[in-house]
file model-v1.csv (CSV, C-alpha atoms)
chain,number,residue,atom,x,y,z
A,188,MET,CA,16.0,-12.9,8.3
A,189,LEU,CA,16.7,-14.3,4.9
A,190,VAL,CA,18.3,-11.6,2.7
A,191,LEU,CA,18.3,-11.8,-1.1
A,192,THR,CA,19.7,-9.4,-3.6
A,193,ARG,CA,17.6,-8.9,-6.7
A,194,LYS,CA,17.7,-6.7,-9.8
A,195,GLY,CA,14.8,-4.9,-11.4
A,196,GLY,CA,12.7,-7.4,-13.4
A,197,GLU,CA,13.8,-10.3,-11.2
A,198,ALA,CA,11.4,-12.1,-8.8
A,199,ILE,CA,11.2,-14.2,-5.7
A,200,ARG,CA,8.8,-17.1,-5.0
A,201,ILE,CA,7.5,-17.9,-1.6
A,202,GLY,CA,6.1,-21.4,-1.5
A,203,ASP,CA,4.4,-22.4,-4.8
A,204,SER,CA,1.7,-19.7,-4.8
A,205,ILE,CA,3.3,-16.4,-4.0
A,206,LYS,CA,5.4,-14.4,-6.4
A,207,ILE,CA,7.1,-11.1,-5.7
A,208,LEU,CA,8.4,-9.2,-8.7
A,209,MET,CA,10.9,-6.3,-8.5
A,210,LEU,CA,9.2,-4.2,-11.2
A,211,ASP,CA,11.4,-1.1,-10.9
A,212,VAL,CA,14.2,0.3,-8.7
A,213,ARG,CA,14.8,4.0,-8.7
A,214,GLY,CA,16.9,5.7,-6.1
A,215,THR,CA,15.4,4.9,-2.7
A,216,GLN,CA,12.2,3.5,-4.1
A,217,VAL,CA,11.4,0.0,-5.2
A,218,LYS,CA,8.2,-0.9,-7.1
A,219,ILE,CA,7.0,-4.4,-6.3
A,220,GLY,CA,4.4,-6.6,-7.9
A,221,ILE,CA,2.8,-9.3,-5.8
A,222,GLU,CA,1.0,-12.3,-7.0
A,223,ALA,CA,-0.7,-14.2,-4.2
A,224,PRO,CA,-3.8,-16.3,-3.7
A,225,GLU,CA,-7.0,-14.5,-2.7
A,226,ASP,CA,-7.0,-15.7,0.8
A,227,VAL,CA,-3.6,-14.2,1.4
A,228,ALA,CA,-4.0,-10.5,2.3
A,229,VAL,CA,-1.2,-8.1,1.4
A,230,TYR,CA,-0.8,-4.9,3.4
A,231,ARG,CA,1.7,-2.1,3.7
A,232,GLU,CA,3.5,-2.7,7.0
A,233,GLU,CA,2.6,0.7,8.4
A,234,LEU,CA,-1.1,0.1,7.9
A,235,PHE,CA,-1.0,-3.5,9.1
A,236,SER,CA,0.8,-2.6,12.3
A,237,VAL,CA,-1.7,0.2,13.2
A,238,VAL,CA,-4.7,-2.0,12.6
A,239,GLU,CA,-3.1,-4.8,14.5
A,240,ALA,CA,-2.3,-2.5,17.4
A,241,GLU,CA,-5.9,-1.1,17.4
A,242,ASN,CA,-7.3,-4.6,17.5
A,243,ALA,CA,-5.0,-5.5,20.4
A,244,SER,CA,-6.3,-2.4,22.3
A,245,ALA,CA,-9.9,-3.4,21.6
A,246,ALA,CA,-9.5,-7.1,22.6
A,247,SER,CA,-10.4,-8.1,26.1
A,248,SER,CA,-10.4,-11.3,28.0
A,249,GLY,CA,-14.1,-11.1,28.2
A,250,SER,CA,-14.3,-9.7,31.7
A,251,ASP,CA,-16.3,-6.6,30.8
A,252,SER,CA,-19.7,-7.1,32.2
A,253,ASN,CA,-22.8,-6.4,30.1
A,254,ALA,CA,-23.9,-3.8,32.6
A,255,ASN,CA,-20.7,-1.8,32.0
A,256,LEU,CA,-21.3,-1.7,28.3
A,257,SER,CA,-24.8,-0.4,28.5
A,258,ALA,CA,-23.7,2.1,31.1
A,259,LEU,CA,-21.0,3.2,28.7
A,260,TRP,CA,-23.5,3.9,26.0
A,261,ASP,CA,-25.6,6.0,28.4
A,262,VAL,CA,-22.5,8.0,29.5
A,263,LEU,CA,-21.5,8.7,25.9
A,264,HIS,CA,-25.0,10.0,25.1
A,265,LYS,CA,-25.5,12.0,28.2
A,266,GLU,CA,-22.3,13.9,27.3
A,267,GLU,CA,-23.8,14.6,23.9
A,268,GLU,CA,-26.9,16.3,25.4
A,269,MET,CA,-24.8,18.6,27.7
B,98,MET,CA,-33.2,-14.7,13.8
B,99,GLU,CA,-33.2,-11.1,14.7
B,100,ARG,CA,-32.4,-8.2,12.5
B,101,PHE,CA,-29.4,-6.1,13.3
B,102,THR,CA,-30.7,-2.7,12.3
B,103,ASP,CA,-32.5,-1.2,9.3
B,104,GLY,CA,-29.2,0.1,8.0
B,105,ASN,CA,-27.7,-3.3,7.9
B,106,GLU,CA,-29.3,-5.9,5.7
B,107,GLY,CA,-29.5,-9.5,6.6
B,108,SER,CA,-29.8,-11.3,9.9
B,109,GLU,CA,-26.7,-12.1,11.8
B,110,PRO,CA,-25.6,-15.6,12.5
B,111,ARG,CA,-24.8,-16.7,16.1
B,112,ILE,CA,-21.3,-18.0,15.1
B,113,ILE,CA,-19.0,-16.6,12.5
B,114,ARG,CA,-15.9,-18.3,11.0
B,115,MET,CA,-13.1,-16.0,10.1
B,116,LYS,CA,-12.0,-16.7,6.5
B,117,ARG,CA,-9.0,-14.6,7.2
B,118,GLY,CA,-8.2,-13.7,10.8
B,119,ILE,CA,-8.6,-10.4,12.7
B,120,LEU,CA,-5.2,-8.8,12.2
B,121,GLY,CA,-3.0,-9.9,15.1
B,122,PHE,CA,-5.5,-12.6,16.1
B,123,GLU,CA,-5.2,-14.9,13.1
B,124,ARG,CA,-5.2,-17.9,15.5
B,125,LEU,CA,-8.8,-17.1,16.4
B,126,THR,CA,-11.0,-18.7,13.7
B,127,GLN,CA,-14.5,-18.8,15.3
B,128,PHE,CA,-16.5,-16.3,17.3
B,129,VAL,CA,-19.7,-16.7,19.1
B,130,PHE,CA,-22.0,-13.7,19.5
B,131,GLN,CA,-23.3,-13.1,23.0
B,132,PRO,CA,-26.9,-12.2,23.5
B,133,GLN,CA,-27.4,-8.5,22.8
B,134,GLU,CA,-30.3,-7.7,25.1
B,135,GLU,CA,-28.2,-6.2,27.9
B,136,THR,CA,-25.5,-4.6,25.9
B,137,ALA,CA,-27.3,-3.0,23.0
B,138,PRO,CA,-26.3,-1.3,20.8
B,139,PHE,CA,-23.0,-3.0,21.5
B,140,ARG,CA,-22.5,-6.7,21.0
B,141,GLN,CA,-19.8,-8.9,22.2
B,142,MET,CA,-18.1,-11.6,20.1
B,143,ARG,CA,-16.1,-14.2,22.0
B,144,ALA,CA,-13.5,-16.5,20.4
B,145,ILE,CA,-14.2,-20.1,20.8
B,146,GLU,CA,-10.5,-20.9,21.0
B,147,ASP,CA,-9.5,-18.8,24.0
B,148,GLY,CA,-12.3,-16.5,25.1
B,149,THR,CA,-10.8,-13.3,23.6
B,150,THR,CA,-13.7,-10.9,23.3
B,151,PHE,CA,-14.3,-8.0,21.0
B,152,VAL,CA,-17.0,-5.4,21.4
B,153,VAL,CA,-18.6,-4.6,18.0
B,154,ILE,CA,-21.3,-2.2,16.9
B,155,ASP,CA,-23.4,-1.6,13.8
B,156,PRO,CA,-21.4,1.3,12.2
B,157,PHE,CA,-24.5,2.9,10.6
B,158,ILE,CA,-25.8,3.8,14.1
B,159,VAL,CA,-22.6,5.9,14.5
B,160,LYS,CA,-22.0,7.0,11.0
B,161,PRO,CA,-25.1,6.7,8.8
B,162,ASP,CA,-23.2,7.6,5.6
B,163,TYR,CA,-20.5,5.0,6.1
B,164,GLN,CA,-19.6,3.3,2.8
B,165,PRO,CA,-16.8,0.8,3.1
B,166,VAL,CA,-15.8,-0.7,-0.2
B,167,ILE,CA,-15.4,-4.4,0.0
B,168,PRO,CA,-12.7,-5.6,-2.4
B,169,ASP,CA,-13.9,-8.1,-5.1
B,170,LYS,CA,-11.5,-10.7,-3.9
B,171,ASP,CA,-13.1,-10.6,-0.4
B,172,VAL,CA,-16.6,-10.8,-2.0
B,173,ARG,CA,-15.4,-14.1,-3.6
B,174,LEU,CA,-13.6,-15.2,-0.4
B,175,LEU,CA,-16.8,-14.8,1.6
B,176,GLU,CA,-18.9,-16.5,-1.1
B,177,ILE,CA,-21.2,-13.5,-1.2
B,178,GLU,CA,-24.0,-14.1,-3.7
B,179,ASP,CA,-26.5,-11.5,-2.6
B,180,ALA,CA,-25.6,-8.1,-1.1
B,181,SER,CA,-28.5,-8.4,1.3
B,182,ASP,CA,-26.7,-11.3,3.0
B,183,VAL,CA,-23.9,-9.0,4.1
B,184,ILE,CA,-23.6,-7.2,7.4
B,185,VAL,CA,-20.9,-4.8,8.5
B,186,MET,CA,-19.7,-4.6,12.0
B,187,ASN,CA,-16.9,-2.5,13.5
B,188,ILE,CA,-14.7,-3.2,16.5
B,189,VAL,CA,-15.1,-0.8,19.4
B,190,THR,CA,-12.1,0.2,21.5
B,191,ILE,CA,-13.0,1.2,25.1
B,192,HIS,CA,-10.8,3.8,26.6
B,193,ARG,CA,-10.6,3.9,30.4
B,194,ILE,CA,-9.1,7.3,31.1
B,195,PRO,CA,-10.9,9.4,30.2
B,196,LEU,CA,-13.8,7.1,29.8
B,197,GLY,CA,-14.9,6.9,26.2
B,198,ALA,CA,-15.0,4.7,23.2
B,199,THR,CA,-14.0,4.8,19.6
B,200,ILE,CA,-15.0,2.7,16.6
B,201,ASN,CA,-12.6,1.4,14.1
B,202,LEU,CA,-14.0,2.5,10.8
B,203,ARG,CA,-10.8,1.8,8.8
B,204,ALA,CA,-11.0,-2.0,9.3
B,205,PRO,CA,-14.6,-3.2,9.3
B,206,LEU,CA,-15.6,-6.8,9.8
B,207,ILE,CA,-17.6,-8.0,6.8
B,208,VAL,CA,-19.9,-11.0,7.5
B,209,ASN,CA,-21.8,-13.1,5.0
B,210,THR,CA,-24.8,-14.0,7.1
B,211,LYS,CA,-25.7,-16.9,4.8
B,212,SER,CA,-22.4,-18.7,5.1
B,213,GLY,CA,-21.3,-17.4,8.4
B,214,LEU,CA,-18.0,-16.4,6.9
B,215,ALA,CA,-16.3,-13.2,7.9
B,216,VAL,CA,-13.1,-11.2,7.2
B,217,GLN,CA,-11.6,-8.0,8.6
B,218,VAL,CA,-11.1,-5.7,5.6
B,219,VAL,CA,-8.5,-3.0,5.9
B,220,LEU,CA,-9.8,-0.2,3.7
B,221,GLU,CA,-7.2,1.1,1.2
B,222,ASP,CA,-8.3,4.7,1.2
B,223,ASP,CA,-7.9,6.7,4.4
B,224,THR,CA,-11.3,8.3,4.4
B,225,TYR,CA,-12.2,6.5,7.6
B,226,PRO,CA,-10.2,6.6,10.8
B,227,LEU,CA,-9.1,3.8,13.1
B,228,ARG,CA,-10.5,5.8,16.0
B,229,PHE,CA,-13.8,7.5,15.3
B,230,PRO,CA,-15.3,8.7,18.6
B,231,LEU,CA,-18.6,7.3,19.8
B,232,GLY,CA,-20.9,10.0,20.9
B,233,LYS,CA,-21.5,12.8,18.6
B,234,LYS,CA,-20.2,15.6,20.8
B,235,ASN,CA,-16.6,15.0,19.9
B,236,GLN,CA,-16.2,14.5,16.2
B,237,THR,CA,-12.5,14.9,16.1
B,238,THR,CA,-10.5,11.8,15.6
B,239,ILE,CA,-8.5,10.5,18.5
B,240,GLU,CA,-5.0,9.5,17.3
B,241,PRO,CA,-4.0,6.0,18.3
call {"tool": "encode", "arguments": {"input": "model-v1.csv", "output": "structure tokens"}}
result
Amino acid sequence: MLVLTRKGGEAIRIGDSIKILMLDVRGTQVKIGIEAPEDVAVYREELFSVVEAENASAASSGSDSNANLSALWDVLHKEEEM
Amino acid sequence: MERFTDGNEGSEPRIIRMKRGILGFERLTQFVFQPQEETAPFRQMRAIEDGTTFVVIDPFIVKPDYQPVIPDKDVRLLEIEDASDVIVMNIVTIHRIPLGATINLRAPLIVNTKSGLAVQVVLEDDTYPLRFPLGKKNQTTIEP
């Protein structure tokens, strides 16, 4: 990992289109400003990692049969009526 | 072209191109929708690159008052010109034990049916959970 030390008000460039500004440093908190192109999504790590994990849980190799899926819907809605 | 449901405007395309990848699956850029007849109301989308498949559902079937806010930058990214061209789909996670399913309301897929472009949007506010149970009996959120 590249490690850089920056002061409040200083910045970092990543490539020619991303700029990260150290807006304010107070105690244990750093306020950061990010300038990035619209197709670059910026997320808090905690949120990114839970969504990534949920996507991974949801992904399959495509082996689920269609019959299983319609059966699942029936099961879910039978439970509802009980 | 078929309509998705009354709650979702626009007709869905057969192939979508991810303008920004599904988180963790950025390498998958194009998905083909499998025919829905046998799996309704679920629908499967299969990556052209490697066959990775996601099950999706129209969220309004599950949560009629669902109101995800699409960031302006994603409206531009998807080249959305008319709101009626947009459909929302959410990824379903199937749980084996105990058997059940949850829908990811926090990170919907937004599709411009006109251009076939799509993104997964991670909603900033935490109103909607990652795991909202399918089936109305159990309305408590299952923690991932």
call {"tool": "atom_distance", "arguments": {"input": "model-v1.csv", "atom1": "CA of Leu125 in chain B", "atom2": "CA of Thr150 in chain B"}}
result
10.5 Å
call {"tool": "closest_residue", "arguments": {"input": "model-v1.csv", "among": "B:Leu206, B:Val153, B:Ile158, B:Leu120", "to": "Ala228 in chain A", "atoms": "all atoms listed in the file"}}
result
B:Leu120
call {"tool": "interface_residues", "arguments": {"input": "model-v1.csv", "of": "chain A", "to": "chain B", "cutoff": "8 Å", "atoms": "only C-alpha atoms", "output": "ChimeraX atom specification"}}
result
/A:225-227,235,238-249,253-254,256-257,259-260,263-264,266-267
call {"tool": "closest_residue", "arguments": {"input": "model-v1.csv", "among": "A:Val237, A:Ile201, A:Lys265, A:Asp211", "to": "Ala223 in chain A", "atoms": "all atoms listed in the file"}}
result
A:Ile201
call {"tool": "atom_distance", "arguments": {"input": "model-v1.csv", "atom1": "CA of Glu146 in chain B", "atom2": "CA of Pro165 in chain B"}}
result
28.8 Å
call {"tool": "closest_residue", "arguments": {"input": "model-v1.csv", "among": "B:Asp179, B:Gly213, B:Lys160, B:Pro205", "to": "Gln127 in chain B", "atoms": "only C-alpha atoms"}}
result
B:Gly213
call {"tool": "closest_residue", "arguments": {"input": "model-v1.csv", "among": "A:Ile221, A:Ala258, A:Ile205, A:Leu210", "to": "Arg193 in chain A", "atoms": "all atoms listed in the file"}}
result
A:Leu210
